[in-house]
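Comments concern the structure below.
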There are 2 protein chains.
Amino acid sequence: MDTCKHHRSEPAPRKERLSQALEVLKARGLRITRPRRALLDALLDSPTPRSAEELREDIGEGEDLVTVYRNLDAFERAGLVLRAHAENGKALFHLSSDHRHYHLVICRVCHEAKIIEDCDGDRFERLARDQGYSDVTHTLELHGVCAKCGDKRV
Amino acid sequence: MDTCKHHRSEPAPRKERLSQALEVLKARGLRITRPRRALLDALLDSPTPRSAEELREDIGEGEDLVTVYRNLDAFERAGLVLRAHAENGKALFHLSSDHRHYHLVICRVCHEAKIIEDCDGDRFERLARDQGYSDVTHTLELHGVCAKCGDKRV
DNA sequence: TTGAGTGCAAAGCTTTTGCAGTTTC
DNA sequence: GAAACTGCAAAAGCTTTGCACTCAA
């Protein structure tokens with residue numbers, strides 16, 4: 001699993017990714033509700049990982065934060081969403097269909113996350129499996145100060 | 001910076017690492033107090049990264065958790081301590097002198113962290129710098145289910 | 001001596017849980 | 001119609017802040 005075949009290939013069109021996601025939900029017996037559609041839209045439209053709070057803002061319209069959390073959990077269990085952590089401890093979410101061996105750089109100052117395409121984690125996962133771990137996934141988190149914040153600090 | 005020269009070399013003896021740490025504290029004008037000595041001891045004795053709560057337990061003797069947090073912050077600012085995050089969002093701390101290009105595998109079930117020695121992060125850090133980030137560090141977090149917990153689940 | 005550090009209480013945030021009411025299948 | 005999902009309120013963590021007291025330098 002988790003080969004490099006998708007590396008550098010074009011991302012699937014939004015429409016296709018959406019129906020793929022809906023497919024997964026149906027297959028899991030998860031219902032397709034208005035809040036879930038909205039969350040899915042927000043995730044599809046977000047170029048970078050977002051916190052639960054940010055996703056709720058993206059959705060707008062007084063959406064309930066608790067529901068966002070519960071649906072992110074559901075999506076994560078369904079394998080649709082992956083979760084990373086900013087240095088401030090907050091969880092960041094993004095669609096797993098976006099996860100083609102890239103990694104995150106998270107700014108220490110503004111905590112915005114950016115994606116760096118890459119392809120190397122397999123090796124680390126193998127190392128962990130060699131140590132007796134199962135179900136291994138990896139998250140490489142790079143922390144730094146982004147250009148924008150670096151300029152402000154001078 | 002951050003070359004591979006220490007990779008696979010033996011760790012410095014505990015005594016030396018302690019006096020080195022105390023040196024750094026003095027150099028920063030940080031005072032050496034009983035709680036700080038105790039925390040340093042706990043960190044030196046811990047083979048894997050620990051949460052603030054765990055460190056307080058290690059110290060025992062009704063040590064104050066707030067003080068542990070404040071001193072971990074101080075140590076982090078002094079560059080003595082590094083912080084990672086378990087999948088449950090909790091912060092894990094370890095001495096930066098332990099950080100010789102290894103990475104963590106964190107169990108999804110018991111959240112215990114284990115170290116996997118390795119040497120590859122430099123490349124990722126360079127990638128981030130190429131994107132305009134400064135002060136870049138990396139944390140590769142591997143998540144899986146450890147052998148112990150895997151057995152229990154069957 | 002004096003300012004850094006401590007310890008207690010209280011607050012702050014993100015995330016989770018409970019439950020009655022609503023909606024999807 | 002039944003089970004899943006939502007929305008509100010309330011609770012549960014982890015971590016931070018405020019403040020008077022103590023202690024290292």
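Note on naming: chains are A, B, ... as they come in the structure tokens, residues start from 1 per chain, ligands start from 1 in the order shown.
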
Counting only C-alpha atoms (C1' of nucleotides), which residues of chain D fall within 8 Å of chain B, and what is the closest atom pair for each with its distance in Å at one decimal, ordered by chain and rising number, as JSON lines?
```
{"residue": "D:DC14", "atom": "C1'", "partner": "B:Lys90", "partner_atom": "CA", "distance": 7.1}
{"residue": "D:DT15", "atom": "C1'", "partner": "B:Tyr69", "partner_atom": "CA", "distance": 7.9}
{"residue": "D:DA24", "atom": "C1'", "partner": "B:Arg31", "partner_atom": "CA", "distance": 6.6}
```

request  = Name all residues at most 10 Å from range 4-9 of chain C (count only C-alpha atoms (C1' of nucleotides); drop same-chain ones fewer than 2 positions away) and give them as a list in words.
outcome  =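 The contact residues come out as Gly29, Leu30, Arg31, Ile32, Thr33, Pro35, Arg36, Glu63, Asp64, Leu65, Val66, Thr67, Arg70 and Asn71 of chain B; DT2 and DA11 of chain C; DG18, DC19, DA20, DC21, DT22, DC23, DA24 and DA25 of chain D.
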
Original post:
In Å to one decimal, how far is CA of Cys146 in chain B from CA of Asp135 in chain A?
Top reply: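 CA of Cys146 in chain B lies 9.0 Å from CA of Asp135 in chain A.
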
- Figure out the distance between CA of Gly79 in chain B and CA of Val24 in chain B, please, to one decimal in Å.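 Computing it gives 8.6 Å between the two atoms.
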
Nearby residues (only C-alpha atoms (C1' of nucleotides)) at most 7 Å from Tyr133 in chain B, same-chain spacing under 3 positions excluded, as JSON, numbers by chain: {"A": [144, 145, 146, 147], "B": [128, 129, 136]}

Distance in Å - CA of Arg83 in chain A versus CA of Ser46 in chain B: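 Computed distance, CA of Arg83 in chain A to CA of Ser46 in chain B, equals 27.7 Å.
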
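The nearest approach to chain C among the residues A:Arg14, A:His143, A:Arg34, A:Lys114, with only C-alpha atoms (C1' of nucleotides) taken into account, belongs to A:Arg34.
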
Looking at A:Thr137, A:Ala78, A:Val68, A:Asp130, which one is nearest to chain C, with distances taken over only C-alpha atoms (C1' of nucleotides)?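 Using only C-alpha atoms (C1' of nucleotides), the shortest distance to chain C belongs to A:Val68.
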
### Message
I need the residue nearest Ser96 in chain A from this list: A:Ala12, A:Ala21, A:Leu80, A:Leu39. Use only C-alpha atoms for the distance.
### Response
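Nearest to Ser96 in chain A: A:Leu80.
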
| For chain C, which residues have at least one atom within 10 Å of chain A, if we go by only C-alpha atoms (C1' of nucleotides)? Write them as a list in words, please. |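 The answer, sorted by residue number, is DC13, DT14, DT15, DT16, DT23, DT24 and DC25 of chain C.
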
request  = Quick one: pick out all alpha helix (DSSP H) residues within range 17-88 of chain A from a backbone DSSP run and write them as a VMD selection string.
outcome  = chain A and resid 17 to 27 34 to 45 52 to 59 65 to 77

Restricting the calculation to only C-alpha atoms: of B:Glu61, B:Glu76, B:Glu54, B:Glu87, which residue gets closest to chain A?
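Among the listed residues, the smallest separation from chain A belongs to B:Glu87.
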
Can you pull out every residue within 12 Å of DC19 in chain C, counting only C-alpha atoms (C1' of nucleotides), but drop anything in the same chain fewer than 5 positions away, and send it as a tab-separated table (two decimals) with all heavy atoms, in the first residue's frame?
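File selection10.tsv, as written:
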```tsv
chain	number	residue	atom	x	y	z
D	6	DT	P	-25.15	15.46	11.66
D	6	DT	OP1	-24.89	16.26	10.45
D	6	DT	OP2	-24.06	15.00	12.53
D	6	DT	O5'	-26.20	16.26	12.55
D	6	DT	C5'	-27.33	16.83	11.92
D	6	DT	C4'	-28.09	17.69	12.90
D	6	DT	O4'	-28.49	16.86	14.02
D	6	DT	C3'	-27.32	18.88	13.46
D	6	DT	O3'	-28.13	20.03	13.31
D	6	DT	C2'	-27.09	18.50	14.93
D	6	DT	C1'	-28.25	17.56	15.23
D	6	DT	N1	-28.03	16.49	16.24
D	6	DT	C2	-28.90	16.40	17.29
D	6	DT	O2	-29.83	17.16	17.45
D	6	DT	N3	-28.64	15.37	18.17
D	6	DT	C4	-27.62	14.44	18.08
D	6	DT	O4	-27.50	13.56	18.93
D	6	DT	C5	-26.73	14.59	16.94
D	6	DT	C7	-25.60	13.64	16.76
D	6	DT	C6	-26.97	15.60	16.10
D	7	DG	P	-27.48	21.47	13.25
D	7	DG	OP1	-28.21	22.29	12.25
D	7	DG	OP2	-26.02	21.32	13.15
D	7	DG	O5'	-27.84	22.02	14.70
D	7	DG	C5'	-29.19	21.98	15.12
D	7	DG	C4'	-29.29	22.29	16.61
D	7	DG	O4'	-29.05	21.09	17.37
D	7	DG	C3'	-28.30	23.34	17.13
D	7	DG	O3'	-29.02	24.24	17.95
D	7	DG	C2'	-27.30	22.53	17.93
D	7	DG	C1'	-28.15	21.37	18.42
D	7	DG	N9	-27.42	20.13	18.67
D	7	DG	C8	-26.34	19.65	17.98
D	7	DG	N7	-25.91	18.49	18.42
D	7	DG	C5	-26.77	18.18	19.46
D	7	DG	C6	-26.80	17.05	20.31
D	7	DG	O6	-26.06	16.07	20.32
D	7	DG	N1	-27.84	17.13	21.25
D	7	DG	C2	-28.72	18.18	21.33
D	7	DG	N2	-29.65	18.08	22.28
D	7	DG	N3	-28.71	19.24	20.54
D	7	DG	C4	-27.72	19.18	19.63
D	8	DC	P	-28.52	25.71	18.19
D	8	DC	OP1	-29.57	26.62	17.72
D	8	DC	OP2	-27.14	25.83	17.65
D	8	DC	O5'	-28.44	25.79	19.78
D	8	DC	C5'	-29.62	25.53	20.55
D	8	DC	C4'	-29.28	24.85	21.86
D	8	DC	O4'	-28.73	23.55	21.63
D	8	DC	C3'	-28.24	25.60	22.72
D	8	DC	O3'	-28.88	26.16	23.86
D	8	DC	C2'	-27.23	24.53	23.12
D	8	DC	C1'	-27.95	23.23	22.76
D	8	DC	N1	-27.00	22.17	22.39
D	8	DC	C2	-27.03	20.96	23.07
D	8	DC	O2	-27.87	20.78	23.96
D	8	DC	N3	-26.14	19.99	22.72
D	8	DC	C4	-25.26	20.21	21.76
D	8	DC	N4	-24.40	19.23	21.46
D	8	DC	C5	-25.22	21.44	21.05
D	8	DC	C6	-26.09	22.39	21.39
D	9	DA	P	-28.02	27.08	24.88
D	9	DA	OP1	-28.93	28.12	25.38
D	9	DA	OP2	-26.73	27.45	24.23
D	9	DA	O5'	-27.70	26.03	26.04
D	9	DA	C5'	-28.68	25.07	26.43
D	9	DA	C4'	-28.08	24.15	27.49
D	9	DA	O4'	-27.31	23.10	26.85
D	9	DA	C3'	-27.11	24.88	28.42
D	9	DA	O3'	-27.20	24.36	29.74
D	9	DA	C2'	-25.76	24.57	27.80
D	9	DA	C1'	-25.99	23.12	27.34
D	9	DA	N9	-25.08	22.69	26.28
D	9	DA	C8	-24.60	23.44	25.23
D	9	DA	N7	-23.79	22.78	24.44
D	9	DA	C5	-23.74	21.51	25.01
D	9	DA	C6	-23.04	20.34	24.64
D	9	DA	N6	-22.26	20.25	23.58
D	9	DA	N1	-23.19	19.25	25.43
D	9	DA	C2	-23.99	19.34	26.50
D	9	DA	N3	-24.70	20.38	26.94
D	9	DA	C4	-24.52	21.44	26.14
D	10	DA	P	-26.29	24.96	30.94
D	10	DA	OP1	-27.16	25.81	31.75
D	10	DA	OP2	-25.03	25.51	30.37
D	10	DA	O5'	-25.91	23.64	31.75
D	10	DA	C5'	-26.16	22.34	31.21
D	10	DA	C4'	-24.91	21.47	31.33
D	10	DA	O4'	-24.23	21.38	30.04
D	10	DA	C3'	-23.86	21.98	32.32
D	10	DA	O3'	-23.49	20.90	33.16
D	10	DA	C2'	-22.70	22.43	31.43
D	10	DA	C1'	-22.83	21.45	30.27
D	10	DA	N9	-22.18	21.87	29.03
D	10	DA	C8	-22.14	23.12	28.46
D	10	DA	N7	-21.45	23.18	27.34
D	10	DA	C5	-21.00	21.88	27.16
D	10	DA	C6	-20.21	21.29	26.16
D	10	DA	N6	-19.71	21.96	25.12
D	10	DA	N1	-19.93	19.97	26.28
D	10	DA	C2	-20.43	19.31	27.32
D	10	DA	N3	-21.19	19.75	28.33
D	10	DA	C4	-21.43	21.07	28.19
```

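You can rank B:Ser97, B:Val81, B:Ser134, B:Asn88 by their closest distance to Pro13 in chain B using only C-alpha atoms, and at the top of that list sits B:Ser97.
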